[in-house]
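Q: Dumping the structure here so I can ask a few things about it.
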Amino acid sequence: MTVSTIALNDGTTIPQLGFGVFRVDPAETERIVSDALEVGYRHIDTAAIYGNEEGVGRAIAASGIPRDELYITTKLWNSDQGTQSAFDAIDLSLEKLGLESVNLYLIHWPRPDLDLYVETWAAMEQIQAHGKATSIGVSNFHAPHLDKLLASGTVVPAVDQIELHPAFAQAPLRAYLASKGIATEAWGPLGQGKYELFEMPAVAAAASAHGVSPAQAVIRWHLQKGIIGFPKSNSRERIAENFDVFGFELTDAEMAAIDALDAGL
Ligand code: NAD
């Protein structure tokens with residue numbers, strides 16, 4: 001299976017489909033990430049706050065997959081915002097992951113109440129300059145946070161990882177990000193199982209027309225919109241199903257019908 005890639009604004013590329021490990025039990029992470037790597041995923045999205053970076057690291061080490069074939073993202077937690085705490089946080093994440101560098105390091109949330117994200121971004125730039133993260137970006141940032149960051153920083157974030165699925169398609173924020181050359185990553189790409197996305201007629205119809213599952217149709221919608229995503233599942237069967245999305249293409253009419261599900265929520 002060849003996973004499509006997206007070119008980032010710093011000259012690197014990212015596999016468009018990855019595997020996310022939010023709420024994956026630390027005790028089960030090694031097994032579940034090993035399953036994902038065996039299925040063929042090469043892009044893993046974790047975070048310090050998930051408490052499972054060590055399990056991700058063990059799965060990477062056990063896989064024997066060359067480091068340059070893997071794309072690993074982790075995130076700096078809110079309590080680590082600030083200069084020295086960011087330097088300490090990346091070192092701890094790298095130690096837990098057993099890596100010399102991550103491909104992508106993100107500020108997890110802007111937390112404007114802390115008023116530290118501009119300072120933290122300057123630290124992220126240094127983390128990148130020291131080679132501890134090839135690319136740097138943000139998560140859950142809205143346009144005003146990014147405007148402030150762009151006005152003070154020298155590196156434009158490579159990505160913004162935001163909640164995004166067909167019922168919450170974030171069109172205005174995606175347009176803003178595109179205008180700044182920032183790639184969009186979707187968290188909760190399947191709606192975290194909360195929005196009955198899979199029962200929505202436009203999703204069900206597209207899935208049945210292509211003989212695929214509703215989850216596969218939703219993942220395909222993300223891919224065809226140029227969005228980077230990393231659906232999560234603990235089940236090997238679903239992990240494989242979610243990766244098997246490169247053998248069909250939604251039609252323009254099917255894409256438009258799924259686009260029409262956006263309720264803003
Ligand atoms: P998701 O949208 O990927 O949904 C996961 C849920 O969907 C699973 O628990 C499972 O119940 C269901 N599911 C998965 N595959 C299925 C299938 N084939 N058929 C039926 N149901 C299926 O939600 P998520 O895990 O919250 O988001 C994906 C990743 O995004 C996370 O693992 C994490 O890496 C990232 N994330 C980031 C943030 C952030 O603040 N940056 C927040 C949440 C998640």
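In the structure tokens, chains take letters A, B, ... by order of appearance, with residues numbered from 1 within each chain and ligands from 1 in the order shown.
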Residues at most 8 Å from segment 87-89 of chain A, counting only C-alpha atoms, excluding those fewer than 4 positions away in the same chain, as an MDAnalysis selection string?

A: chainID A and resid 76 80 83 93 123 127

Q: Next, the residues of the selection above should be written as a PDB file, in the first residue's frame with all heavy atoms.

A:
```
ATOM      1  N   LEU A  76       4.003  18.858  22.991  1.00  0.00           N
ATOM      2  CA  LEU A  76       4.400  19.496  24.249  1.00  0.00           C
ATOM      3  C   LEU A  76       3.149  19.842  25.058  1.00  0.00           C
ATOM      4  O   LEU A  76       2.269  20.543  24.552  1.00  0.00           O
ATOM      5  CB  LEU A  76       5.177  20.778  23.921  1.00  0.00           C
ATOM      6  CG  LEU A  76       5.529  21.655  25.096  1.00  0.00           C
ATOM      7  CD1 LEU A  76       7.036  21.723  25.243  1.00  0.00           C
ATOM      8  CD2 LEU A  76       4.972  23.054  24.947  1.00  0.00           C
ATOM      9  N   ASP A  80       4.186  22.332  30.244  1.00  0.00           N
ATOM     10  CA  ASP A  80       5.585  22.463  29.818  1.00  0.00           C
ATOM     11  C   ASP A  80       5.810  23.686  28.931  1.00  0.00           C
ATOM     12  O   ASP A  80       6.886  23.848  28.354  1.00  0.00           O
ATOM     13  CB  ASP A  80       6.035  21.196  29.076  1.00  0.00           C
ATOM     14  CG  ASP A  80       6.131  20.006  30.018  1.00  0.00           C
ATOM     15  OD1 ASP A  80       6.560  20.219  31.176  1.00  0.00           O
ATOM     16  OD2 ASP A  80       5.766  18.888  29.619  1.00  0.00           O
ATOM     17  N   THR A  83      10.274  28.472  28.137  1.00  0.00           N
ATOM     18  CA  THR A  83      11.512  28.172  27.416  1.00  0.00           C
ATOM     19  C   THR A  83      12.204  26.920  27.961  1.00  0.00           C
ATOM     20  O   THR A  83      12.296  25.902  27.268  1.00  0.00           O
ATOM     21  CB  THR A  83      12.474  29.373  27.469  1.00  0.00           C
ATOM     22  OG1 THR A  83      11.785  30.515  26.963  1.00  0.00           O
ATOM     23  CG2 THR A  83      13.720  29.121  26.631  1.00  0.00           C
ATOM     24  N   SER A  93      10.599  13.502  26.150  1.00  0.00           N
ATOM     25  CA  SER A  93       9.853  12.764  25.126  1.00  0.00           C
ATOM     26  C   SER A  93      10.791  11.915  24.275  1.00  0.00           C
ATOM     27  O   SER A  93      10.495  10.751  23.978  1.00  0.00           O
ATOM     28  CB  SER A  93       9.056  13.725  24.225  1.00  0.00           C
ATOM     29  OG  SER A  93       7.911  14.202  24.904  1.00  0.00           O
ATOM     30  N   ALA A 123      11.099  28.755  21.700  1.00  0.00           N
ATOM     31  CA  ALA A 123      11.826  27.562  22.158  1.00  0.00           C
ATOM     32  C   ALA A 123      11.695  26.431  21.130  1.00  0.00           C
ATOM     33  O   ALA A 123      12.662  25.696  20.874  1.00  0.00           O
ATOM     34  CB  ALA A 123      11.289  27.116  23.520  1.00  0.00           C
ATOM     35  N   ILE A 127      14.514  24.222  19.351  1.00  0.00           N
ATOM     36  CA  ILE A 127      14.468  22.746  19.352  1.00  0.00           C
ATOM     37  C   ILE A 127      14.665  22.237  17.925  1.00  0.00           C
ATOM     38  O   ILE A 127      15.419  21.286  17.676  1.00  0.00           O
ATOM     39  CB  ILE A 127      13.115  22.273  19.961  1.00  0.00           C
ATOM     40  CG1 ILE A 127      13.144  22.488  21.482  1.00  0.00           C
ATOM     41  CG2 ILE A 127      12.807  20.828  19.593  1.00  0.00           C
ATOM     42  CD1 ILE A 127      11.787  22.381  22.174  1.00  0.00           C
TER      43      ILE A 127
END
```

Q: Applying 12 Å and only C-alpha atoms, which residues near Phe198 of chain A remain after dropping the ones on its own chain fewer than 4 positions away? List them as a ChimeraX atom specification.

A: /A:165-167,189-194,202-208,212-219,258,261

Q: Sort by chain and increasing residue number a table of all residues of chain A within 7 Å of ligand 1, each with its closest pair of atoms and their distance in Å to one decimal, counting only C-alpha atoms and all ligand atoms, and write it as CSV.

A:
```
residue,atom,partner,partner_atom_place_in_ligand_line,distance
A:Phe19,CA,ligand 1,34 (O),6.8
A:Gly20,CA,ligand 1,34 (O),3.3
A:Val21,CA,ligand 1,32 (O),4.0
A:Phe22,CA,ligand 1,32 (O),3.7
A:Arg23,CA,ligand 1,32 (O),6.9
A:Asp45,CA,ligand 1,34 (O),4.6
A:Thr46,CA,ligand 1,34 (O),5.3
A:His108,CA,ligand 1,41 (N),5.7
A:Trp109,CA,ligand 1,40 (O),6.8
A:Ser139,CA,ligand 1,41 (N),5.2
A:Asn140,CA,ligand 1,40 (O),6.2
A:Gln161,CA,ligand 1,41 (N),5.6
A:Ile162,CA,ligand 1,41 (N),6.3
A:Glu163,CA,ligand 1,42 (C),6.8
A:Ala186,CA,ligand 1,30 (O),6.7
A:Trp187,CA,ligand 1,30 (O),3.7
A:Gly188,CA,ligand 1,2 (O),3.1
A:Pro189,CA,ligand 1,2 (O),4.0
A:Leu190,CA,ligand 1,2 (O),3.3
A:Gly191,CA,ligand 1,2 (O),4.3
A:Gln192,CA,ligand 1,4 (O),3.4
A:Gly193,CA,ligand 1,7 (O),4.7
A:Ala215,CA,ligand 1,18 (N),4.9
A:Gln216,CA,ligand 1,18 (N),6.7
A:Phe230,CA,ligand 1,29 (C),5.2
A:Pro231,CA,ligand 1,3 (O),3.4
A:Lys232,CA,ligand 1,3 (O),4.1
A:Ser233,CA,ligand 1,14 (C),4.5
A:Arg238,CA,ligand 1,18 (N),4.4
A:Ile239,CA,ligand 1,15 (N),6.6
A:Glu241,CA,ligand 1,18 (N),5.7
A:Asn242,CA,ligand 1,18 (N),5.4
```

Q: Keeping only N, CA and C atoms, write the selected residues to a file as a compact mmCIF listing (two decimals), in the first residue's frame.

A:
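Output (part.txt):
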```
# COMPACT_ATOMS: atom_id res chain seq x y z
N PHE A 19 -1.39 6.74 12.35
CA PHE A 19 -2.10 6.04 13.42
C PHE A 19 -1.97 6.87 14.69
N GLY A 20 -3.10 7.21 15.31
CA GLY A 20 -3.09 8.03 16.52
C GLY A 20 -3.24 7.16 17.76
N VAL A 21 -2.65 7.59 18.86
CA VAL A 21 -2.68 6.75 20.07
C VAL A 21 -3.27 7.46 21.30
N PHE A 22 -4.15 8.44 21.07
CA PHE A 22 -4.86 9.08 22.18
C PHE A 22 -5.74 8.03 22.86
N ARG A 23 -5.68 7.96 24.18
CA ARG A 23 -6.46 7.01 24.97
C ARG A 23 -6.08 5.56 24.69
N ASP A 45 1.13 9.23 15.67
CA ASP A 45 0.85 10.50 16.36
C ASP A 45 0.62 10.24 17.84
N THR A 46 1.56 10.71 18.68
CA THR A 46 1.39 10.57 20.13
C THR A 46 1.55 11.94 20.77
N HIS A 108 0.72 21.52 22.07
CA HIS A 108 -0.55 20.77 22.08
C HIS A 108 -1.78 21.67 22.09
N TRP A 109 -1.74 22.73 22.91
CA TRP A 109 -2.86 23.68 23.00
C TRP A 109 -2.28 25.08 23.16
N SER A 139 -1.11 22.80 17.62
CA SER A 139 -2.36 22.05 17.64
C SER A 139 -3.40 22.88 18.38
N ASN A 140 -4.61 22.82 17.87
CA ASN A 140 -5.74 23.53 18.50
C ASN A 140 -5.56 25.05 18.51
N GLN A 161 -2.81 21.02 14.05
CA GLN A 161 -3.63 19.80 14.24
C GLN A 161 -4.90 20.20 14.97
N ILE A 162 -6.04 20.06 14.30
CA ILE A 162 -7.31 20.57 14.84
C ILE A 162 -8.39 19.49 14.78
N GLU A 163 -9.41 19.64 15.61
CA GLU A 163 -10.54 18.71 15.53
C GLU A 163 -11.23 18.92 14.19
N ALA A 186 -6.06 16.54 10.97
CA ALA A 186 -7.34 16.33 11.64
C ALA A 186 -7.17 15.45 12.85
N TRP A 187 -7.61 15.93 14.01
CA TRP A 187 -7.77 14.97 15.12
C TRP A 187 -9.24 14.60 15.23
N GLY A 188 -9.47 13.40 15.78
CA GLY A 188 -10.85 12.91 15.80
C GLY A 188 -11.41 12.79 14.39
N PRO A 189 -10.64 12.25 13.45
CA PRO A 189 -11.08 12.24 12.05
C PRO A 189 -12.35 11.42 11.83
N LEU A 190 -12.60 10.48 12.76
CA LEU A 190 -13.83 9.68 12.66
C LEU A 190 -14.88 10.21 13.62
N GLY A 191 -14.66 11.42 14.11
CA GLY A 191 -15.62 12.00 15.05
C GLY A 191 -15.56 11.35 16.42
N GLN A 192 -14.48 10.64 16.70
CA GLN A 192 -14.27 9.99 18.00
C GLN A 192 -15.44 9.09 18.38
N GLY A 193 -16.17 8.61 17.39
CA GLY A 193 -17.32 7.75 17.69
C GLY A 193 -18.49 8.50 18.34
N ALA A 215 -16.36 3.98 7.93
CA ALA A 215 -15.10 4.57 8.41
C ALA A 215 -14.14 4.78 7.24
N GLN A 216 -14.07 3.82 6.35
CA GLN A 216 -13.18 3.97 5.19
C GLN A 216 -13.63 5.13 4.30
N PHE A 230 -5.07 10.60 11.35
CA PHE A 230 -4.51 9.41 12.02
C PHE A 230 -5.58 8.80 12.89
N PRO A 231 -6.54 8.09 12.26
CA PRO A 231 -7.59 7.45 13.04
C PRO A 231 -7.01 6.45 14.02
N LYS A 232 -7.72 6.30 15.12
CA LYS A 232 -7.25 5.42 16.18
C LYS A 232 -8.22 4.25 16.35
N SER A 233 -7.67 3.09 16.59
CA SER A 233 -8.47 1.94 17.00
C SER A 233 -7.58 1.01 17.78
N ARG A 238 -9.77 -3.30 12.69
CA ARG A 238 -10.10 -1.92 12.30
C ARG A 238 -8.86 -1.12 11.92
N ILE A 239 -7.74 -1.42 12.57
CA ILE A 239 -6.48 -0.74 12.22
C ILE A 239 -6.18 -1.04 10.75
N GLU A 241 -8.41 -2.10 8.47
CA GLU A 241 -9.50 -1.52 7.65
C GLU A 241 -9.23 -0.03 7.38
N ASN A 242 -8.82 0.68 8.41
CA ASN A 242 -8.62 2.13 8.27
C ASN A 242 -7.43 2.47 7.37
```

Q: Go ahead and compute the interatomic distance for atom CA of Asp115 of chain A and atom CA of Gln84 of chain A, in Å to one decimal.

A: 15.5 Å

Q: For a quick check of understanding, using only C-alpha atoms, which of A:Pro26, A:Gln81, A:Ala86, A:Ile228 has the smallest distance to Ala59 of chain A?

A: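 Among the listed residues, A:Pro26 lies closest to Ala59 of chain A.
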
Q: Please, what distance in Å, to one decimal, runs between atom CA of Ala133 of chain A and atom CA of Lys180 of chain A?

A: 21.0 Å

Q: With distances taken over only C-alpha atoms, which residue among A:Glu38, A:Glu254, A:Glu30, A:Asp259 lies nearest Ile65 of chain A?

A: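 Answer, going by the shortest atom-to-atom distance: A:Glu38.
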
Q: Check the smallest atom-to-atom distance from each of A:Ala263, A:Ala122, A:Ala178, A:Ala129 to Gly153 of chain A using only C-alpha atoms, then report the winner.

A: A:Ala122

Q: Find, counting only C-alpha atoms, the residue in A:Ile90, A:Val102, A:Pro110, A:Phe141 that gets nearest to Met124 of chain A.

A: A:Ile90

Q: Where does segment 43-154 of chain A meet segment 3-12 of chain A within 10 Å, residue by residue, with the nearest atom pair and distance in Å to one decimal for each, counting only C-alpha atoms, listed by chain and rising number, as a Markdown table?

A:
```
| residue | atom | partner | partner_atom | distance |
| --- | --- | --- | --- | --- |
| A:His43 | CA | A:Val3 | CA | 10.0 |
| A:Asn103 | CA | A:Thr12 | CA | 9.3 |
| A:Thr134 | CA | A:Thr12 | CA | 8.4 |
| A:Ser135 | CA | A:Asp10 | CA | 7.2 |
| A:Ile136 | CA | A:Asp10 | CA | 9.2 |
```

Q: From the options A:Gln126, A:Leu173, A:Glu69, A:Val56, which residue's atoms come nearest to Gly98 of chain A, counting only C-alpha atoms?

A: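 Closest candidate: A:Val56.
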
Q: Please determine, counting only C-alpha atoms, which residue among A:Asp35, A:Arg67, A:Gly131, A:Leu92 has the shortest atom-to-atom distance to Glu53 of chain A.

A: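 Comparing A:Asp35, A:Arg67, A:Gly131, A:Leu92 against Glu53 of chain A, the winner is A:Leu92.
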
Q: Could you jot down the atom CA of Pro201 of chain A to atom CA of Ala257 of chain A separation for me, Å, one decimal place?

A: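 Going from atom CA of Pro201 of chain A over to atom CA of Ala257 of chain A, I get 9.0 Å.
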
Q: Tell me which protein, DNA and RNA residues are within 9 Å of Arg220 of chain A, counting only C-alpha atoms, leaving out same-chain ones fewer than 4 positions away, and put them as an mmCIF file with N, CA, C and O atoms, in the first residue's frame.

A:
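What ended up in out_12.cif:
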```cif
data_model
loop_
_atom_site.group_PDB
_atom_site.id
_atom_site.type_symbol
_atom_site.label_atom_id
_atom_site.label_comp_id
_atom_site.auth_asym_id
_atom_site.auth_seq_id
_atom_site.Cartn_x
_atom_site.Cartn_y
_atom_site.Cartn_z
ATOM 1 N N ALA A 215 -16.363 3.976 7.930
ATOM 2 C CA ALA A 215 -15.101 4.569 8.412
ATOM 3 C C ALA A 215 -14.140 4.783 7.238
ATOM 4 O O ALA A 215 -13.483 5.833 7.136
ATOM 5 N N GLN A 216 -14.069 3.816 6.349
ATOM 6 C CA GLN A 216 -13.180 3.968 5.187
ATOM 7 C C GLN A 216 -13.630 5.128 4.297
ATOM 8 O O GLN A 216 -12.791 5.862 3.758
ATOM 9 N N GLN A 224 -9.005 12.980 0.273
ATOM 10 C CA GLN A 224 -9.290 13.708 -0.972
ATOM 11 C C GLN A 224 -9.385 15.212 -0.740
ATOM 12 O O GLN A 224 -9.271 15.988 -1.678
ATOM 13 N N LYS A 225 -9.558 15.644 0.504
ATOM 14 C CA LYS A 225 -9.539 17.072 0.798
ATOM 15 C C LYS A 225 -8.136 17.573 1.122
ATOM 16 O O LYS A 225 -7.950 18.742 1.448
ATOM 17 N N VAL A 245 -7.420 2.166 2.272
ATOM 18 C CA VAL A 245 -8.251 3.249 1.723
ATOM 19 C C VAL A 245 -7.640 3.852 0.455
ATOM 20 O O VAL A 245 -7.979 4.981 0.079
ATOM 21 N N PHE A 246 -6.736 3.110 -0.171
ATOM 22 C CA PHE A 246 -6.084 3.659 -1.363
ATOM 23 C C PHE A 246 -6.503 2.942 -2.643
ATOM 24 O O PHE A 246 -5.941 3.179 -3.697
ATOM 25 N N PHE A 248 -9.786 2.949 -3.777
ATOM 26 C CA PHE A 248 -11.035 3.489 -4.324
ATOM 27 C C PHE A 248 -11.006 5.003 -4.171
ATOM 28 O O PHE A 248 -10.191 5.553 -3.426
ATOM 29 N N GLU A 249 -11.891 5.662 -4.909
ATOM 30 C CA GLU A 249 -11.936 7.124 -4.863
ATOM 31 C C GLU A 249 -13.387 7.582 -4.808
ATOM 32 O O GLU A 249 -14.216 7.093 -5.591
ATOM 33 N N LEU A 250 -13.717 8.486 -3.911
ATOM 34 C CA LEU A 250 -15.077 9.033 -3.859
ATOM 35 C C LEU A 250 -15.287 9.951 -5.058
ATOM 36 O O LEU A 250 -14.365 10.677 -5.466
#
```

Q: Can you tell me, as a VMD selection string, what residues are no more than 9 Å from Lys96 of chain A when counting only C-alpha atoms, ignoring any on the same chain fewer than 6 positions away?

A: chain A and resid 52 to 58
